[in-house]
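To start, the structure itself, in structure tokens.
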Amino acid sequence: MFHGSLHWCIHNMIIVFDTTAESFRQMRAPVDPDGADIFEMDGTLSMSIFNDAATSIDIWMARDYESEVWALKYRVKLPVGKLTSQFRIFDEFWWLVVMSSEGDVLVLVKFGAWVLQIDVDGKLVASIHCGGLRTTRLRFKQTLVSLTFFPTLEGYVVNAPPFI
């Protein structure tokens, strides 16, 4: 949720759903966003995307959201050779999550049965073996703010314990 709207990539465009006006619109993407991940970073709509060879990750930020002007903020070169030799695997199916908290960028990459933390300079910071663990690119943002588009209905199961 950014600027009161939900955003997601479909093929070569960004779809925006305004939750107040309950309307859809298209937004220009910085590059072909097929396979991109959209997130909020430093109060700005951002996007991360692998290059075709899966050797680097580009992190784009919407410099001007209203005018749909994007700027390339980081290009994280992945140490694929080092990772392949260190973890003795090669997995061409990478999962990526980029997050930002207070200016720090956290790049998490699922590589085989491992989840790796890589800094913006492409250095391996930490790793954890998670064989059998399923990963997702979904993020949950905790809030105490009641969202108006989820009405409170009496007797509705979601409004009863243990969900409240």
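Every chain in the structure tokens takes a letter, A first, then B, and so on in the order presented; its residues are numbered from 1, and the ligands are numbered from 1 following the presented order.
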(message) Which residues are close to segment 13-29 of chain A, i.e. within 10 Å by only C-alpha atoms, leaving aside same-chain residues fewer than 3 positions away? Reply as a count of residues only.
(response) 26
(request) Go through A:Phe39, A:Pro30, A:Val80, A:Lys73 and flag the residue nearest Ala54 of chain A, using only C-alpha atoms for the distances. (result) A:Val80
(message) Using only C-alpha atoms, can you tell me which of A:Ser56, A:Met61, A:Trp114, A:Val98 comes closest to Thr84 of chain A?
(response)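 Looking at the shortest contact to Thr84 of chain A, the residue is A:Trp114.
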(message) I'd like to know which residues of segment 29-128 of chain A are helix (DSSP H, G or I) (by DSSP, run on the backbone); could you write them as a PyMOL selection string?
(response) chain A and resi 80-87
May I have the selected residues written with N, CA and C atoms, as an mmCIF file, in the first residue's frame?
```
data_model
loop_
_atom_site.group_PDB
_atom_site.id
_atom_site.type_symbol
_atom_site.label_atom_id
_atom_site.label_comp_id
_atom_site.auth_asym_id
_atom_site.auth_seq_id
_atom_site.Cartn_x
_atom_site.Cartn_y
_atom_site.Cartn_z
ATOM 1 N N VAL A 80 27.785 -14.569 -8.009
ATOM 2 C CA VAL A 80 27.275 -15.888 -8.396
ATOM 3 C C VAL A 80 28.363 -16.949 -8.328
ATOM 4 N N GLY A 81 29.555 -16.661 -8.850
ATOM 5 C CA GLY A 81 30.656 -17.629 -8.822
ATOM 6 C C GLY A 81 31.027 -18.028 -7.410
ATOM 7 N N LYS A 82 31.187 -17.040 -6.528
ATOM 8 C CA LYS A 82 31.522 -17.320 -5.126
ATOM 9 C C LYS A 82 30.424 -18.132 -4.451
ATOM 10 N N LEU A 83 29.174 -17.754 -4.692
ATOM 11 C CA LEU A 83 28.057 -18.465 -4.065
ATOM 12 C C LEU A 83 27.989 -19.906 -4.553
ATOM 13 N N THR A 84 28.191 -20.097 -5.848
ATOM 14 C CA THR A 84 28.143 -21.447 -6.409
ATOM 15 C C THR A 84 29.233 -22.316 -5.802
ATOM 16 N N SER A 85 30.456 -21.790 -5.662
ATOM 17 C CA SER A 85 31.530 -22.605 -5.088
ATOM 18 C C SER A 85 31.377 -22.763 -3.579
ATOM 19 N N GLN A 86 30.944 -21.722 -2.881
ATOM 20 C CA GLN A 86 30.805 -21.804 -1.425
ATOM 21 C C GLN A 86 29.685 -22.744 -1.005
ATOM 22 N N PHE A 87 28.554 -22.692 -1.703
ATOM 23 C CA PHE A 87 27.408 -23.508 -1.312
ATOM 24 C C PHE A 87 27.276 -24.767 -2.162
#
```
(message) To test your reading of the structure, identify every residue in segment 9-47 of chain A that backbone DSSP assigns to strand (DSSP E), and report it as number ranges by chain.
(response) A: 9-10, 13-18, 23-27, 37-41, 44-47
Next, the residues of the selection above should be written as a PDB file, in the first residue's frame with N, CA and C atoms.
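This went into result-v6.pdb:
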```pdb
ATOM      1  N   CYS A   9       2.877  -5.569 -10.552  1.00  0.00           N
ATOM      2  CA  CYS A   9       3.355  -5.654 -11.939  1.00  0.00           C
ATOM      3  C   CYS A   9       2.610  -6.747 -12.678  1.00  0.00           C
ATOM      4  N   ILE A  10       2.191  -6.419 -13.881  1.00  0.00           N
ATOM      5  CA  ILE A  10       1.615  -7.410 -14.781  1.00  0.00           C
ATOM      6  C   ILE A  10       2.275  -7.183 -16.133  1.00  0.00           C
ATOM      7  N   MET A  13       3.831  -3.572 -17.321  1.00  0.00           N
ATOM      8  CA  MET A  13       3.280  -2.344 -16.739  1.00  0.00           C
ATOM      9  C   MET A  13       3.021  -2.525 -15.244  1.00  0.00           C
ATOM     10  N   ILE A  14       2.804  -1.396 -14.579  1.00  0.00           N
ATOM     11  CA  ILE A  14       2.419  -1.395 -13.173  1.00  0.00           C
ATOM     12  C   ILE A  14       0.933  -1.048 -13.124  1.00  0.00           C
ATOM     13  N   ILE A  15       0.168  -1.879 -12.436  1.00  0.00           N
ATOM     14  CA  ILE A  15      -1.256  -1.627 -12.241  1.00  0.00           C
ATOM     15  C   ILE A  15      -1.419  -0.997 -10.860  1.00  0.00           C
ATOM     16  N   VAL A  16      -2.217   0.056 -10.777  1.00  0.00           N
ATOM     17  CA  VAL A  16      -2.453   0.773  -9.525  1.00  0.00           C
ATOM     18  C   VAL A  16      -3.947   0.736  -9.232  1.00  0.00           C
ATOM     19  N   PHE A  17      -4.303   0.303  -8.014  1.00  0.00           N
ATOM     20  CA  PHE A  17      -5.698   0.328  -7.578  1.00  0.00           C
ATOM     21  C   PHE A  17      -5.822   1.325  -6.442  1.00  0.00           C
ATOM     22  N   ASP A  18      -6.542   2.394  -6.685  1.00  0.00           N
ATOM     23  CA  ASP A  18      -6.794   3.425  -5.684  1.00  0.00           C
ATOM     24  C   ASP A  18      -7.909   2.915  -4.772  1.00  0.00           C
ATOM     25  N   SER A  23     -10.691   2.666  -8.097  1.00  0.00           N
ATOM     26  CA  SER A  23     -10.463   2.709  -9.540  1.00  0.00           C
ATOM     27  C   SER A  23      -9.061   2.198  -9.866  1.00  0.00           C
ATOM     28  N   PHE A  24      -8.914   1.704 -11.083  1.00  0.00           N
ATOM     29  CA  PHE A  24      -7.638   1.207 -11.569  1.00  0.00           C
ATOM     30  C   PHE A  24      -7.017   2.224 -12.518  1.00  0.00           C
ATOM     31  N   ARG A  25      -5.697   2.194 -12.598  1.00  0.00           N
ATOM     32  CA  ARG A  25      -4.974   2.946 -13.618  1.00  0.00           C
ATOM     33  C   ARG A  25      -3.651   2.236 -13.889  1.00  0.00           C
ATOM     34  N   GLN A  26      -3.019   2.616 -14.973  1.00  0.00           N
ATOM     35  CA  GLN A  26      -1.706   2.075 -15.298  1.00  0.00           C
ATOM     36  C   GLN A  26      -0.649   3.112 -14.949  1.00  0.00           C
ATOM     37  N   MET A  27       0.525   2.609 -14.595  1.00  0.00           N
ATOM     38  CA  MET A  27       1.640   3.492 -14.268  1.00  0.00           C
ATOM     39  C   MET A  27       2.846   3.052 -15.074  1.00  0.00           C
ATOM     40  N   ASP A  37       9.616  -6.817  -8.323  1.00  0.00           N
ATOM     41  CA  ASP A  37       8.990  -6.772  -7.010  1.00  0.00           C
ATOM     42  C   ASP A  37       8.836  -5.305  -6.628  1.00  0.00           C
ATOM     43  N   ILE A  38       7.649  -4.910  -6.213  1.00  0.00           N
ATOM     44  CA  ILE A  38       7.384  -3.523  -5.826  1.00  0.00           C
ATOM     45  C   ILE A  38       7.323  -3.446  -4.305  1.00  0.00           C
ATOM     46  N   PHE A  39       7.927  -2.401  -3.757  1.00  0.00           N
ATOM     47  CA  PHE A  39       7.950  -2.228  -2.307  1.00  0.00           C
ATOM     48  C   PHE A  39       8.136  -0.747  -1.998  1.00  0.00           C
ATOM     49  N   GLU A  40       8.028  -0.402  -0.726  1.00  0.00           N
ATOM     50  CA  GLU A  40       8.261   0.972  -0.297  1.00  0.00           C
ATOM     51  C   GLU A  40       9.639   1.062   0.325  1.00  0.00           C
ATOM     52  N   MET A  41      10.418   2.056  -0.087  1.00  0.00           N
ATOM     53  CA  MET A  41      11.749   2.255   0.472  1.00  0.00           C
ATOM     54  C   MET A  41      11.940   3.748   0.724  1.00  0.00           C
ATOM     55  N   THR A  44       9.239   6.008  -0.513  1.00  0.00           N
ATOM     56  CA  THR A  44       9.114   6.114  -1.964  1.00  0.00           C
ATOM     57  C   THR A  44       8.743   4.760  -2.549  1.00  0.00           C
ATOM     58  N   LEU A  45       7.890   4.767  -3.570  1.00  0.00           N
ATOM     59  CA  LEU A  45       7.591   3.533  -4.286  1.00  0.00           C
ATOM     60  C   LEU A  45       8.870   3.080  -4.979  1.00  0.00           C
ATOM     61  N   SER A  46       9.213   1.816  -4.808  1.00  0.00           N
ATOM     62  CA  SER A  46      10.462   1.293  -5.359  1.00  0.00           C
ATOM     63  C   SER A  46      10.214  -0.037  -6.040  1.00  0.00           C
ATOM     64  N   MET A  47      11.189  -0.465  -6.829  1.00  0.00           N
ATOM     65  CA  MET A  47      11.063  -1.707  -7.584  1.00  0.00           C
ATOM     66  C   MET A  47      12.433  -2.371  -7.675  1.00  0.00           C
TER      67      MET A  47
END
```
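Counting from atom CA of Ser127 of chain A, the distance to atom CA of Lys110 of chain A is 9.7 Å.
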(message) As an exercise, work out the distance from atom CA of Leu72 of chain A to atom CA of His11 of chain A in Å and give it to one decimal place.
(response)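 Answer for the atom CA of Leu72 of chain A to atom CA of His11 of chain A separation: 20.1 Å.
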(message) Let me make sure I understand: among A:Gly35, A:Gly132, A:Val105, A:Phe111, which one has the smallest atom-to-atom distance to Ile59 of chain A if we use only C-alpha atoms?
(response)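 Smallest distance to Ile59 of chain A is found for A:Val105.
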Distance query Ile118 of chain A at most 10 Å, only C-alpha atoms, self and fewer than 6 positions along chain excluded, as a compact mmCIF listing (two decimals) with C-alpha atoms, in the first residue's frame:
```txt
# COMPACT_ATOMS: atom_id res chain seq x y z
CA VAL A 76 23.71 -4.94 -6.73
CA LYS A 77 26.10 -7.32 -8.47
CA LEU A 78 25.55 -10.84 -7.17
CA PRO A 79 28.67 -12.90 -6.47
CA VAL A 98 14.49 -6.14 -1.01
CA VAL A 105 18.81 -1.75 2.26
CA LEU A 106 18.36 -5.44 2.98
CA VAL A 107 18.67 -7.80 0.02
CA LEU A 108 17.54 -11.36 0.75
CA VAL A 109 18.06 -13.97 -1.95
CA LEU A 124 27.57 -11.90 1.37
CA VAL A 125 26.64 -10.67 4.87
CA ALA A 126 24.84 -13.71 6.31
CA SER A 127 23.36 -17.03 5.29
```
